[in-house]
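Engineer: Handing you a structure now.
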Amino acid sequence: MPTEYASLIDNLIAIIIIDLILAGDNAILIALATKNLEPILQRKAILWGSIGAIVIRTIMTIMAVQLLKIPGLSAVGGLALLYIAYQLMTDTDADHDNAPKATFWGAMKTIIIADAVMGVDNVLAVAGASEGNVPLVVIGLLISVPIVMFGSQIILKLMEKYAWIIYIGGAVLVITGVKMIGHEKLLSEYFDNPQYPFNEFILMGLCLALILGLGWRARSKHIHSPASKI
């Protein structure tokens, strides 16, 4: 096999592996965002949310070099993801009979925005593995679509059976958000400094305790509220 083709195959394999790793985050995000939808809308949201996520990842990967030049983008994205994690963890009102149900477009908006935020760091890894070959990026992302869709459906079913899995999903989003903040170059003095080796872990622990704690409190109130027993 010519060296050029062997290199392309190696790059494609690297992209696919990265996408498979990232597919887990996507599946968890989509499952959390669609958990309060009606079953029919749930399936639609999973399909179009997965497709939308892939389209955004492709565009962002092509723009990866430009994204690197935007100061503070990673930190802002990390904070946005922490806020989205908080919203998803404390979203229990959709189960009340007298409260508005979750909407398809509301779930789609959450999926697209959160995936765009999560993709800032991730697309840089894909862009590096592709060595500028856009078709390889697109092929790798397309391969991950069915994995994200299938994974989302499995996680949704597990959430219905085991409520504690919701907290694992929330923790994944929180950890991703804190890592994005820790990778911000403008904050390297605090997170990439030998004098403060544990700052990122401390921030991660605080955010996990706060957001998961607020989620647990909201769900406990909902379980014991009169509306939830009707």
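By order of appearance in the structure tokens: chains A, B, ..., then residues from 1 within every chain, and ligands from 1 in the order shown.
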Would you mind listing what lies within 8 Å of A:Thr58 as a ChimeraX atom specification, with only C-alpha atoms counted and same-chain residues fewer than 3 positions away left out?
Structural biologist: /A:54-55,61-62,137-138,141
Engineer: At what distance in Å, to one decimal, does atom CA of A:Ala85 lie from atom CA of A:Leu37?
Structural biologist: 17.5 Å
Engineer: Neighbouring residues of A:Ala31 were defined as those with any atom within 6 Å, considering only C-alpha atoms; residues of the same chain fewer than 4 positions away were excluded. Please report them as a list in words.
Structural biologist: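 Once the nearby chain positions are removed, what remains is Lys35, Ser152 and Leu156 of chain A.
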Engineer: What does the distance from atom CA of A:Arg43 to atom CA of A:Leu136 come to in Å, to one decimal?
Structural biologist: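 So the answer is 28.4 Å.
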Engineer: Expressed in Å to a single decimal, how great is the separation between atom CA of A:Pro146 and atom CA of A:Lys109?
Structural biologist: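 Between atom CA of A:Pro146 and atom CA of A:Lys109 the gap works out to 20.4 Å.
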Engineer: Which residues are near stretch 165-172 of chain A? Cut-off 7 Å, only C-alpha atoms, ignore same chain within fewer than 3 positions. Put them as a PyMOL selection string.
Structural biologist: chain A and resi 28+85+89+159+162+175-176+208+212
Engineer: Name the residues in contact with A:Gly177 at a cut-off of 6 Å, using only C-alpha atoms, excluding same-chain residues fewer than 5 positions from it; report them as a PyMOL selection string.
Structural biologist: chain A and resi 78+81-82
Engineer: Measuring atom to atom with only C-alpha atoms, identify which of A:Gly151, A:Gly215, A:Pro194, A:Gly182 is nearest to A:Ile46.
Structural biologist: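 Among the listed residues, the smallest separation from A:Ile46 belongs to A:Gly151.
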Engineer: For each of A:Ile211, A:Ile154, A:Ile113, A:Ile70, take the minimum atom-to-atom distance to A:Tyr86, counting only C-alpha atoms, then give the residue where this is smallest.
Structural biologist: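 Comparing A:Ile211, A:Ile154, A:Ile113, A:Ile70 against A:Tyr86, the winner is A:Ile211.
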Engineer: With only C-alpha atoms as the counted atoms, please give the residues lying no more than 6 Å from A:Glu184, apart from itself and same-chain residues fewer than 2 positions off, as a list of chain:residue names.
Structural biologist: A:Ser74, A:Ala75, A:Ile181, A:Gly182, A:Leu186, A:Leu187
Engineer: Please, could you write that set of residues out with N, CA and C atoms as an mmCIF file, in the first residue's frame?
Structural biologist:
data_model
loop_
_atom_site.group_PDB
_atom_site.id
_atom_site.type_symbol
_atom_site.label_atom_id
_atom_site.label_comp_id
_atom_site.auth_asym_id
_atom_site.auth_seq_id
_atom_site.Cartn_x
_atom_site.Cartn_y
_atom_site.Cartn_z
ATOM 1 N N SER A 74 -12.402 29.343 25.610
ATOM 2 C CA SER A 74 -12.504 28.087 26.343
ATOM 3 C C SER A 74 -13.123 28.303 27.725
ATOM 4 N N ALA A 75 -12.728 29.385 28.405
ATOM 5 C CA ALA A 75 -13.273 29.670 29.744
ATOM 6 C C ALA A 75 -14.757 30.003 29.672
ATOM 7 N N ILE A 181 -12.340 25.295 31.371
ATOM 8 C CA ILE A 181 -11.863 26.478 32.100
ATOM 9 C C ILE A 181 -10.376 26.324 32.437
ATOM 10 N N GLY A 182 -9.994 25.123 32.872
ATOM 11 C CA GLY A 182 -8.599 24.869 33.230
ATOM 12 C C GLY A 182 -7.640 24.945 32.058
ATOM 13 N N LEU A 186 -5.619 32.185 29.159
ATOM 14 C CA LEU A 186 -5.645 33.403 29.973
ATOM 15 C C LEU A 186 -5.600 33.091 31.465
ATOM 16 N N LEU A 187 -5.960 31.860 31.826
ATOM 17 C CA LEU A 187 -5.978 31.456 33.234
ATOM 18 C C LEU A 187 -4.845 30.494 33.578
#
Engineer: So, with only C-alpha atoms as the atoms that count, which of A:Lys185, A:Ala14, A:Pro39, A:Asn26 lies closest to A:Phe150?
Structural biologist: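 Closest to A:Phe150, using only C-alpha atoms: A:Asn26.
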Engineer: Counting only C-alpha atoms, which residue out of A:Glu200, A:Leu32, A:Asp25, A:Ile139 sits closest to A:Leu158?
Structural biologist: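 That would be A:Leu32, the residue with the smallest distance to A:Leu158.
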Engineer: Taking into account only C-alpha atoms, which residue in the set A:Trp48, A:Trp216, A:Tyr196, A:Tyr190 is nearest to A:Ile112?
Structural biologist: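 Answer, going by the shortest atom-to-atom distance: A:Trp48.
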